[in-house]
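Student: Below is the file my_file-v4.cif, which contains mmCIF, C-alpha atoms and all ligand atoms.
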```cif
data_final
#
loop_
_atom_site.label_atom_id
_atom_site.label_comp_id
_atom_site.auth_asym_id
_atom_site.auth_seq_id
_atom_site.Cartn_x
_atom_site.Cartn_y
_atom_site.Cartn_z
CA MET A 1 -10.46 -5.86 -28.13
CA THR A 2 -7.33 -3.73 -27.68
CA THR A 3 -5.50 -4.11 -24.39
CA ALA A 4 -3.46 -0.95 -24.94
CA ASN A 5 -5.41 0.95 -22.28
CA ILE A 6 -5.10 -1.72 -19.57
CA ILE A 7 -2.39 -0.72 -17.09
CA ASP A 8 -0.18 -3.71 -16.37
CA GLY A 9 0.47 -3.57 -12.62
CA LYS A 10 2.46 -6.81 -12.65
CA ALA A 11 4.93 -5.43 -15.19
CA ALA A 12 5.21 -2.14 -13.30
CA ALA A 13 5.80 -4.03 -10.04
CA ALA A 14 8.46 -6.19 -11.71
CA ARG A 15 10.31 -3.00 -12.74
CA VAL A 16 10.19 -1.64 -9.17
CA LEU A 17 11.37 -4.97 -7.75
CA ALA A 18 14.24 -5.23 -10.24
CA GLN A 19 15.50 -1.82 -9.14
CA VAL A 20 15.07 -2.74 -5.45
CA LYS A 21 17.11 -5.91 -6.03
CA THR A 22 19.93 -3.93 -7.61
CA ASP A 23 19.92 -1.39 -4.79
CA VAL A 24 19.78 -4.09 -2.10
CA ALA A 25 22.84 -5.74 -3.66
CA ALA A 26 24.67 -2.39 -3.54
CA LEU A 27 23.75 -1.93 0.11
CA ARG A 28 24.87 -5.46 0.97
CA GLU A 29 28.25 -4.69 -0.60
CA ARG A 30 28.56 -1.94 1.98
CA GLY A 31 27.89 -4.53 4.71
CA VAL A 32 24.22 -3.70 5.31
CA ALA A 33 21.63 -6.48 4.88
CA PRO A 34 18.19 -4.84 4.71
CA CYS A 35 15.87 -6.60 7.15
CA LEU A 36 12.07 -6.57 7.44
CA ALA A 37 10.34 -7.86 10.58
CA VAL A 38 6.75 -8.95 9.93
CA ILE A 39 4.39 -9.33 12.89
CA LEU A 40 1.22 -11.38 12.56
CA VAL A 41 -1.15 -11.60 15.51
CA GLY A 42 -3.70 -14.42 15.31
CA GLN A 43 -4.61 -16.83 12.52
CA ASP A 44 -6.68 -14.76 10.10
CA PRO A 45 -6.38 -16.80 6.86
CA ALA A 46 -6.24 -13.79 4.51
CA SER A 47 -3.54 -12.16 6.67
CA GLN A 48 -1.53 -15.38 6.62
CA VAL A 49 -1.58 -15.33 2.81
CA TYR A 50 -0.58 -11.64 2.71
CA VAL A 51 2.31 -12.24 5.13
CA ARG A 52 3.52 -15.27 3.16
CA ASN A 53 3.52 -13.22 -0.06
CA LYS A 54 5.42 -10.38 1.56
CA VAL A 55 8.05 -12.74 2.95
CA LEU A 56 8.45 -14.46 -0.45
CA ARG A 57 8.83 -11.12 -2.22
CA ALA A 58 11.43 -10.01 0.34
CA GLU A 59 13.42 -13.19 -0.25
CA GLU A 60 13.37 -12.54 -4.01
CA CYS A 61 14.92 -9.12 -3.35
CA ALA A 62 17.53 -10.54 -0.92
CA ILE A 63 15.87 -8.62 1.90
CA VAL A 64 16.12 -10.56 5.16
CA SER A 65 12.64 -11.19 6.52
CA ILE A 66 11.76 -12.37 9.98
CA GLU A 67 8.26 -13.51 10.83
CA HIS A 68 6.92 -13.04 14.34
CA LYS A 69 3.76 -15.11 14.62
CA LEU A 70 1.90 -14.31 17.82
CA GLY A 71 -1.15 -16.09 19.19
CA ALA A 72 -4.61 -14.53 18.91
CA HIS A 73 -4.66 -13.96 22.70
CA THR A 74 -1.37 -12.05 22.81
CA THR A 75 -1.79 -9.06 25.11
CA GLN A 76 -1.30 -5.51 23.92
CA ALA A 77 1.58 -5.16 26.39
CA ASP A 78 3.36 -8.19 24.89
CA LEU A 79 2.87 -6.88 21.36
CA LEU A 80 4.20 -3.45 22.33
CA GLY A 81 7.13 -5.17 24.06
CA LEU A 82 8.03 -6.98 20.83
CA ILE A 83 7.72 -3.75 18.82
CA HIS A 84 10.03 -1.92 21.26
CA THR A 85 12.58 -4.75 20.99
CA LEU A 86 12.50 -4.54 17.20
CA ASN A 87 12.74 -0.73 17.33
CA ALA A 88 15.94 -1.07 19.37
CA ASP A 89 17.49 -3.78 17.18
CA PRO A 90 19.91 -2.09 14.74
CA ALA A 91 19.76 -5.07 12.37
CA VAL A 92 16.01 -4.60 11.80
CA HIS A 93 15.26 -1.78 9.34
CA GLY A 94 11.55 -2.21 8.74
CA ILE A 95 8.64 -3.34 10.93
CA LEU A 96 5.36 -4.39 9.39
CA LEU A 97 2.40 -5.06 11.64
CA GLN A 98 -0.16 -7.02 9.64
CA LEU A 99 -3.69 -5.64 10.04
CA PRO A 100 -6.35 -6.28 11.19
CA LEU A 101 -5.40 -6.94 14.80
CA PRO A 102 -7.57 -8.91 17.23
CA ARG A 103 -10.22 -6.64 18.78
CA HIS A 104 -8.62 -6.48 22.25
CA ILE A 105 -5.55 -4.68 20.83
CA GLU A 106 -5.79 -0.97 20.03
CA GLU A 107 -4.61 -0.57 16.47
CA ILE A 108 -3.51 3.04 16.89
CA ALA A 109 -1.45 2.28 20.01
CA ALA A 110 0.34 -0.54 18.20
CA LEU A 111 1.02 1.46 15.03
CA GLU A 112 2.22 4.47 17.04
CA ALA A 113 4.68 2.22 18.91
CA ILE A 114 6.60 1.48 15.72
CA SER A 115 9.60 3.76 15.22
CA PRO A 116 8.73 6.21 12.37
CA LEU A 117 12.12 5.35 10.80
CA LYS A 118 11.12 1.66 10.59
CA ASP A 119 7.46 2.28 9.74
CA VAL A 120 7.51 0.74 6.25
CA ASP A 121 3.71 0.87 5.99
CA GLY A 122 3.79 4.65 6.56
CA PHE A 123 0.95 4.54 9.09
CA HIS A 124 2.68 6.32 12.02
CA SER A 125 1.23 9.78 12.70
CA GLU A 126 4.68 11.32 12.28
CA ASN A 127 4.90 9.93 8.74
CA ILE A 128 1.29 10.83 7.96
CA GLY A 129 1.94 14.37 9.17
CA GLY A 130 5.17 14.56 7.17
CA LEU A 131 3.33 13.41 4.07
CA SER A 132 0.77 16.19 4.51
CA GLN A 133 3.60 18.68 4.83
CA GLY A 134 5.16 17.37 1.62
CA ARG A 135 8.22 15.96 3.42
CA ASP A 136 10.07 12.93 2.05
CA VAL A 137 8.85 10.39 4.63
CA LEU A 138 7.95 6.69 4.39
CA ALA A 139 4.52 6.89 2.72
CA PRO A 140 1.83 4.18 2.62
CA CYS A 141 2.57 1.54 -0.02
CA THR A 142 -0.75 1.31 -1.88
CA PRO A 143 -1.14 5.03 -2.67
CA THR A 144 2.56 5.32 -3.51
CA GLY A 145 2.13 2.43 -5.94
CA CYS A 146 -0.90 4.17 -7.46
CA MET A 147 1.17 7.34 -7.98
CA GLN A 148 3.83 5.33 -9.78
CA LEU A 149 1.20 3.83 -12.11
CA LEU A 150 -0.23 7.30 -12.78
CA ARG A 151 3.20 8.75 -13.55
CA ASP A 152 4.02 5.80 -15.84
CA THR A 153 0.74 6.42 -17.70
CA LEU A 154 0.48 10.21 -17.71
CA GLY A 155 3.95 11.58 -16.97
CA ASP A 156 3.51 15.01 -15.38
CA LEU A 157 0.31 15.14 -13.30
CA ARG A 158 0.45 18.89 -12.65
CA GLY A 159 -2.89 20.69 -12.92
CA LEU A 160 -4.94 17.55 -13.54
CA HIS A 161 -8.19 17.10 -11.64
CA ALA A 162 -8.03 13.93 -9.53
CA VAL A 163 -11.03 12.45 -7.76
CA VAL A 164 -10.29 10.00 -4.96
CA VAL A 165 -13.30 7.90 -4.00
CA GLY A 166 -12.87 6.80 -0.37
CA ARG A 167 -11.18 8.53 2.57
CA SER A 168 -9.63 5.75 4.63
CA ASN A 169 -6.42 6.39 6.54
CA ILE A 170 -4.52 3.74 4.61
CA VAL A 171 -5.59 4.56 1.05
CA GLY A 172 -7.93 7.51 0.40
CA LYS A 173 -6.38 10.21 2.60
CA PRO A 174 -2.70 9.52 1.81
CA MET A 175 -3.64 9.18 -1.87
CA ALA A 176 -5.16 12.65 -1.78
CA ALA A 177 -2.02 14.01 -0.06
CA LEU A 178 0.27 12.47 -2.69
CA LEU A 179 -1.84 13.80 -5.56
CA LEU A 180 -1.82 17.25 -3.99
CA ARG A 181 1.96 17.03 -3.66
CA ALA A 182 2.04 16.27 -7.41
CA ASP A 183 0.14 19.55 -7.99
CA CYS A 184 -3.17 17.94 -8.91
CA THR A 185 -6.49 19.56 -8.04
CA VAL A 186 -7.94 16.99 -5.67
CA THR A 187 -11.53 16.12 -4.77
CA VAL A 188 -12.20 13.43 -2.16
CA LEU A 189 -15.56 11.64 -2.26
CA HIS A 190 -16.88 9.56 0.61
CA SER A 191 -20.03 7.89 1.86
CA HIS A 192 -21.73 11.25 2.60
CA SER A 193 -20.81 12.97 -0.68
CA GLN A 194 -23.77 14.24 -2.68
CA ASN A 195 -24.06 13.52 -6.37
CA PRO A 196 -20.77 11.58 -6.48
CA ALA A 197 -21.18 10.39 -10.08
CA ALA A 198 -21.41 13.97 -11.39
CA LEU A 199 -18.33 15.02 -9.37
CA CYS A 200 -16.40 11.96 -10.52
CA ARG A 201 -17.29 12.69 -14.16
CA GLN A 202 -15.20 15.89 -13.93
CA ALA A 203 -12.03 13.96 -13.18
CA ASP A 204 -8.99 13.44 -15.38
CA ILE A 205 -7.81 10.87 -12.80
CA VAL A 206 -10.07 8.61 -10.73
CA VAL A 207 -8.71 6.57 -7.84
CA ALA A 208 -11.34 4.20 -6.46
CA ALA A 209 -10.78 2.90 -2.91
CA VAL A 210 -14.20 2.08 -1.52
CA GLY A 211 -14.60 -1.68 -1.19
CA ARG A 212 -17.89 -1.91 -3.13
CA PRO A 213 -17.91 -4.22 -6.13
CA ARG A 214 -18.22 -2.37 -9.48
CA MET A 215 -19.78 0.72 -7.89
CA ILE A 216 -18.22 3.06 -10.47
CA ASP A 217 -19.38 2.45 -14.03
CA ALA A 218 -19.00 4.28 -17.34
CA ALA A 219 -21.61 6.88 -16.32
CA TRP A 220 -19.19 8.10 -13.59
CA LEU A 221 -16.28 8.58 -16.00
CA LYS A 222 -15.21 11.38 -18.32
CA PRO A 223 -14.05 10.03 -21.69
CA GLY A 224 -10.26 9.77 -21.61
CA ALA A 225 -9.95 9.60 -17.81
CA VAL A 226 -7.24 7.45 -16.24
CA VAL A 227 -8.70 5.09 -13.64
CA ILE A 228 -6.82 3.40 -10.81
CA ASP A 229 -8.96 0.75 -9.15
CA VAL A 230 -7.72 -0.07 -5.65
CA GLY A 231 -10.79 -2.09 -4.62
CA ILE A 232 -10.51 -5.81 -4.01
CA ASN A 233 -13.93 -7.41 -3.66
CA ARG A 234 -14.76 -11.09 -3.61
CA ILE A 235 -18.02 -11.84 -5.45
CA GLN A 236 -19.93 -15.02 -6.16
CA ASP A 237 -19.90 -15.89 -9.87
CA GLY A 238 -22.02 -19.01 -10.39
CA ASP A 239 -20.44 -21.61 -8.13
CA ARG A 240 -17.08 -19.82 -8.03
CA THR A 241 -15.88 -16.74 -6.18
CA ARG A 242 -13.76 -14.22 -8.00
CA LEU A 243 -12.17 -10.83 -7.40
CA VAL A 244 -13.52 -7.61 -8.87
CA GLY A 245 -12.64 -3.98 -8.27
CA ASP A 246 -14.70 -0.96 -7.27
CA VAL A 247 -14.95 -0.06 -10.97
CA ASP A 248 -17.11 -1.89 -13.48
CA PHE A 249 -14.14 -2.74 -15.68
CA ASP A 250 -16.05 -3.89 -18.77
CA SER A 251 -18.20 -0.78 -19.02
CA ALA A 252 -15.29 1.56 -18.16
CA LEU A 253 -12.73 0.13 -20.60
CA PRO A 254 -14.15 1.63 -23.83
CA VAL A 255 -14.50 5.06 -22.20
CA VAL A 256 -11.19 5.56 -20.43
CA ARG A 257 -7.69 6.38 -21.61
CA ALA A 258 -6.30 3.72 -19.26
CA ILE A 259 -7.46 1.58 -16.34
CA THR A 260 -5.95 -0.92 -13.90
CA PRO A 261 -7.46 -4.41 -13.85
CA VAL A 262 -8.37 -6.34 -10.69
CA PRO A 263 -6.45 -8.51 -10.07
CA GLY A 264 -3.14 -7.56 -11.68
CA GLY A 265 -3.29 -3.79 -11.20
CA VAL A 266 -2.66 -2.05 -7.88
CA GLY A 267 -2.18 -5.24 -5.81
CA PRO A 268 1.27 -6.21 -7.15
CA MET A 269 2.44 -2.60 -6.79
CA THR A 270 1.51 -2.49 -3.10
CA ILE A 271 3.88 -5.32 -2.23
CA ALA A 272 6.63 -3.95 -4.52
CA LEU A 273 6.41 -0.59 -2.74
CA LEU A 274 6.70 -2.37 0.62
CA MET A 275 10.05 -3.71 -0.57
CA GLN A 276 11.00 -0.24 -1.80
CA ASN A 277 10.11 1.27 1.58
CA THR A 278 12.15 -1.39 3.40
CA LEU A 279 15.12 -0.59 1.21
CA THR A 280 14.66 3.15 1.77
CA ALA A 281 14.43 2.62 5.54
CA ALA A 282 17.62 0.53 5.48
CA GLN A 283 19.46 3.11 3.37
CA ARG A 284 18.46 5.93 5.73
CA GLN A 285 19.38 3.98 8.86
CA ALA A 286 22.69 2.89 7.31
CA LEU A 287 23.57 6.55 6.90
CA THR A 288 23.07 7.20 10.59
CA ASP A 289 24.15 3.83 12.03
CA PRO A 290 27.83 2.97 11.60
CA GLN A 291 27.55 -0.72 12.60
CA PRO A 292 24.34 -2.27 11.29
CA GLU A 293 25.71 -5.79 10.88
CA ALA A 294 24.42 -7.42 14.05
CA PRO A 295 22.28 -10.51 13.33
CA CYS A 296 18.51 -10.10 13.11
CA LEU A 297 16.74 -10.88 16.36
CA SER A 298 13.98 -13.47 16.05
CA ILE A 299 11.79 -14.22 19.04
CA SER A 300 8.75 -15.72 17.36
P1 LIG A 401 -12.28 1.38 4.12
O1 LIG A 401 -13.50 0.54 4.32
O2 LIG A 401 -11.40 1.68 5.26
O3 LIG A 401 -12.74 2.77 3.48
C1 LIG A 401 -13.70 2.84 2.48
C2 LIG A 401 -13.98 4.28 2.16
O4 LIG A 401 -14.99 4.32 1.15
C3 LIG A 401 -14.51 5.09 3.35
O5 LIG A 401 -13.72 6.25 3.46
C4 LIG A 401 -15.94 5.46 2.96
O6 LIG A 401 -16.29 6.79 3.34
C5 LIG A 401 -15.92 5.35 1.46
N1 LIG A 401 -17.22 4.97 0.91
C6 LIG A 401 -18.06 4.01 1.34
N2 LIG A 401 -19.17 4.00 0.59
C7 LIG A 401 -19.03 4.98 -0.33
C8 LIG A 401 -19.84 5.48 -1.37
N3 LIG A 401 -21.04 4.94 -1.63
N4 LIG A 401 -19.38 6.50 -2.11
C9 LIG A 401 -18.16 7.06 -1.86
N5 LIG A 401 -17.34 6.62 -0.88
C10 LIG A 401 -17.78 5.60 -0.12
O7 LIG A 401 -11.50 0.66 2.93
P2 LIG A 401 -9.94 0.76 2.48
O8 LIG A 401 -9.10 0.09 3.47
O9 LIG A 401 -9.63 2.13 2.03
O10 LIG A 401 -10.01 -0.18 1.19
C11 LIG A 401 -10.84 0.14 0.08
C12 LIG A 401 -10.76 -1.00 -0.90
O11 LIG A 401 -9.41 -1.11 -1.36
C13 LIG A 401 -11.11 -2.38 -0.34
O12 LIG A 401 -11.74 -3.14 -1.36
C14 LIG A 401 -9.78 -2.98 0.00
O13 LIG A 401 -9.79 -4.39 -0.03
C15 LIG A 401 -8.93 -2.43 -1.13
N6 LIG A 401 -7.49 -2.32 -0.82
C16 LIG A 401 -6.65 -2.78 -1.78
C17 LIG A 401 -5.29 -2.69 -1.59
C18 LIG A 401 -4.38 -3.18 -2.68
O14 LIG A 401 -3.23 -3.42 -2.44
N7 LIG A 401 -4.86 -3.33 -3.91
C19 LIG A 401 -4.78 -2.13 -0.42
C20 LIG A 401 -5.66 -1.62 0.53
C21 LIG A 401 -7.03 -1.72 0.31
#
```
Take the structure in this file and express it as C-alpha cells.
Ligand code: NAD
Tutor:
Amino acid sequence: MTTANIIDGKAAAARVLAQVKTDVAALRERGVAPCLAVILVGQDPASQVYVRNKVLRAEECAIVSIEHKLGAHTTQADLLGLIHTLNADPAVHGILLQLPLPRHIEEIAALEAISPLKDVDGFHSENIGGLSQGRDVLAPCTPTGCMQLLRDTLGDLRGLHAVVVGRSNIVGKPMAALLLRADCTVTVLHSHSQNPAALCRQADIVVAAVGRPRMIDAAWLKPGAVVIDVGINRIQDGDRTRLVGDVDFDSALPVVRAITPVPGGVGPMTIALLMQNTLTAAQRQALTDPQPEAPCLSIS
C-alpha cells in the first residue's frame, strides 16, 4: 500500500518546532527568554499527561516553562488571583490554562481573565473576535495546525470548498474562521445538520472534529478530497484500547488525495503551534516591553 497520501503530522510538527527553536535563540540573544506558565487545576490523569508533554516540548525549544499545579478544591477566586499575577508578570509571555476545569470553576470566567496578549490557546473572546475579523491575533492551536497541514498539502486554498464537521469553540468554529480567511467556501456541519454525508461529499477539504469514532467513511468523501482528522477517540480493540479518529481511515485512504492518521496527524501539530504561539506572544511583548528580563514568578 502506498503511504504517499498519508499526511505526516510528526514531520510537519518537527519543522515548526525547528523554526521555533531558531527564533527562540534569536530572541534570547536580545535578552528575552520566552516563558510559558501552565496552570493545572486538579489531578485529571489525561490533563497531567498533556501538561507534561507541553512542558517537555517547551524545554526542547528553550522556552522557559513554569507549572502551577493547583488542588482540585482551589476556589475560582484563587485561580483568578494567580492568573492576574501572571498577567502582571513581565517575564511571563504565555499563560495556558489546562482544560477541563473542576465543575465549581466557571471556564469562561477563567479564560476571560487571561490577558489576550498572553492567551496562547487563543480562547479569549478578544482573540476569537479578532480571528473572525481576520486580524492577526493569537489563534487556537489545533485549527492553526490544521491550516498548516492543509497549506503544506494543497498550497493555495483559495476557492476550495471546505466542510468542517463539528462546531466547538476550540476547534470547529475557529477552523471555519481560518478557512474563510484563506478564501475557502466553508460549510459547517453539526449534530443537527440534515443529510451530512451528502453535504460532506461536496467538499474538497474535510476537517473532522466531532469526537465520534470512525463516523466519516468513504461514502462521505469526494474522490480526491483532503481530509484532516482532528478526532481522538479511545476504543476497545480486543483486550487493548487504542486511538482512532473521527474518520474511518482504512476506508477513506483509497478514496482521498491525502489524509491525516490518528495518532500522528493533528495531535503533534497542536503542541507545536502552542510553542509557536508562545514565541509569537513573547516577540510581541518584547516589542512593547523594554525590560523583560525579570525572573519568572513561580508560586505553585
Ligand atoms: P466537542 O464535543 O466540544 O464538539 C463536538 C462537535 O461535534 C459539536 O459541535 C457537535 O455539534 C458536533 N457533532 C456531534 N455529533 C455530530 C454528528 N453526528 N454530526 C455532525 N456533527 C456532530 O468536541 P471538540 O472539543 O471539538 O473535539 C472534537 C474531537 O477532536 C474530540 O475527539 C477531541 O478529543 C479531538 N481534539 C483533538 C485535538 C488534537 O490536538 N488532535 C484537539 C482538540 C480536540
Student: To one decimal place, how far is CA of Leu150 (chain A) from CA of Arg242 (chain A) in Å?
Tutor: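 Answer for the CA of Leu150 (chain A) to CA of Arg242 (chain A) separation: 25.9 Å.
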Student: Once you count all atoms listed in the file, which residues end up within 10 Å of ligand LIG 401 (chain A), and could you hand them over as an NGL selection string?
Tutor: :A and (140-143 or 145-146 or 164-173 or 188-197 or 208-213 or 215-216 or 228-234 or 243-246 or 262-271)
Student: So how many Å separate CA of Glu60 (chain A) and CA of Ile7 (chain A), to one decimal?
Tutor: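 These two atoms are separated by 23.6 Å.
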Student: Could you tell me how far CA of Asp136 (chain A) sits from CA of Ala225 (chain A), in Å to one decimal place?
Tutor: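 Those two atoms sit 28.4 Å apart.
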Student: Quick one: what's the axis-aligned box for region 189-200 of chain A, all listed atoms, 8 Å on every side, centre and edges in Å to one decimal, as AutoDock Vina command-line options?
Tutor:
```
--center_x -19.8 --center_y 11.5 --center_z -4.4 --size_x 24.5 --size_y 23.1 --size_z 30.0
```
Student: Tell me, as a VMD selection string, which residues lie within 12 Å of Ala218 (chain A), counting all atoms listed in the file; anything in the same chain fewer than 6 positions away does not count.
Tutor: chain A and resid 197 to 198 200 to 201 206 224 to 225 227 247 to 256 259
Student: Of the candidates A:Asn53, A:Ala176, A:Thr288, A:Thr185, which one gets nearest to Arg158 (chain A) if we count all atoms listed in the file?
Tutor: A:Thr185
Student: Which of these, A:Ser47, A:Asn87, A:Asn277, A:Gln202, has the shortest distance to Leu138 (chain A) once you count all atoms listed in the file?
Tutor: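 The closest residue to Leu138 (chain A) is A:Asn277.
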Student: Give me, as a Markdown table, the closest atom pair and its distance (Å, one decimal) for every residue of region 2-66 of chain A within a cut-off of 8 Å of region 94-102 of chain A, counting all atoms listed in the file, rows sorted by chain and rising number.
Tutor:
```
| residue | atom | partner | partner_atom | distance |
| --- | --- | --- | --- | --- |
| A:Cys35 | CA | A:Gly94 | CA | 6.4 |
| A:Leu36 | CA | A:Gly94 | CA | 4.6 |
| A:Ala37 | CA | A:Ile95 | CA | 4.8 |
| A:Val38 | CA | A:Leu96 | CA | 4.8 |
| A:Ile39 | CA | A:Leu97 | CA | 4.9 |
| A:Leu40 | CA | A:Gln98 | CA | 5.4 |
| A:Val41 | CA | A:Leu101 | CA | 6.3 |
| A:Gly42 | CA | A:Pro102 | CA | 7.0 |
| A:Ser47 | CA | A:Gln98 | CA | 6.8 |
| A:Val51 | CA | A:Gln98 | CA | 7.3 |
```
Student: Point out the residue among A:Ile66, A:Ala13, A:Leu79, A:Cys184 with the least atom-to-atom distance to Arg52 (chain A), counting only C-alpha atoms.
Tutor: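 Among the listed residues, A:Ile66 lies closest to Arg52 (chain A).
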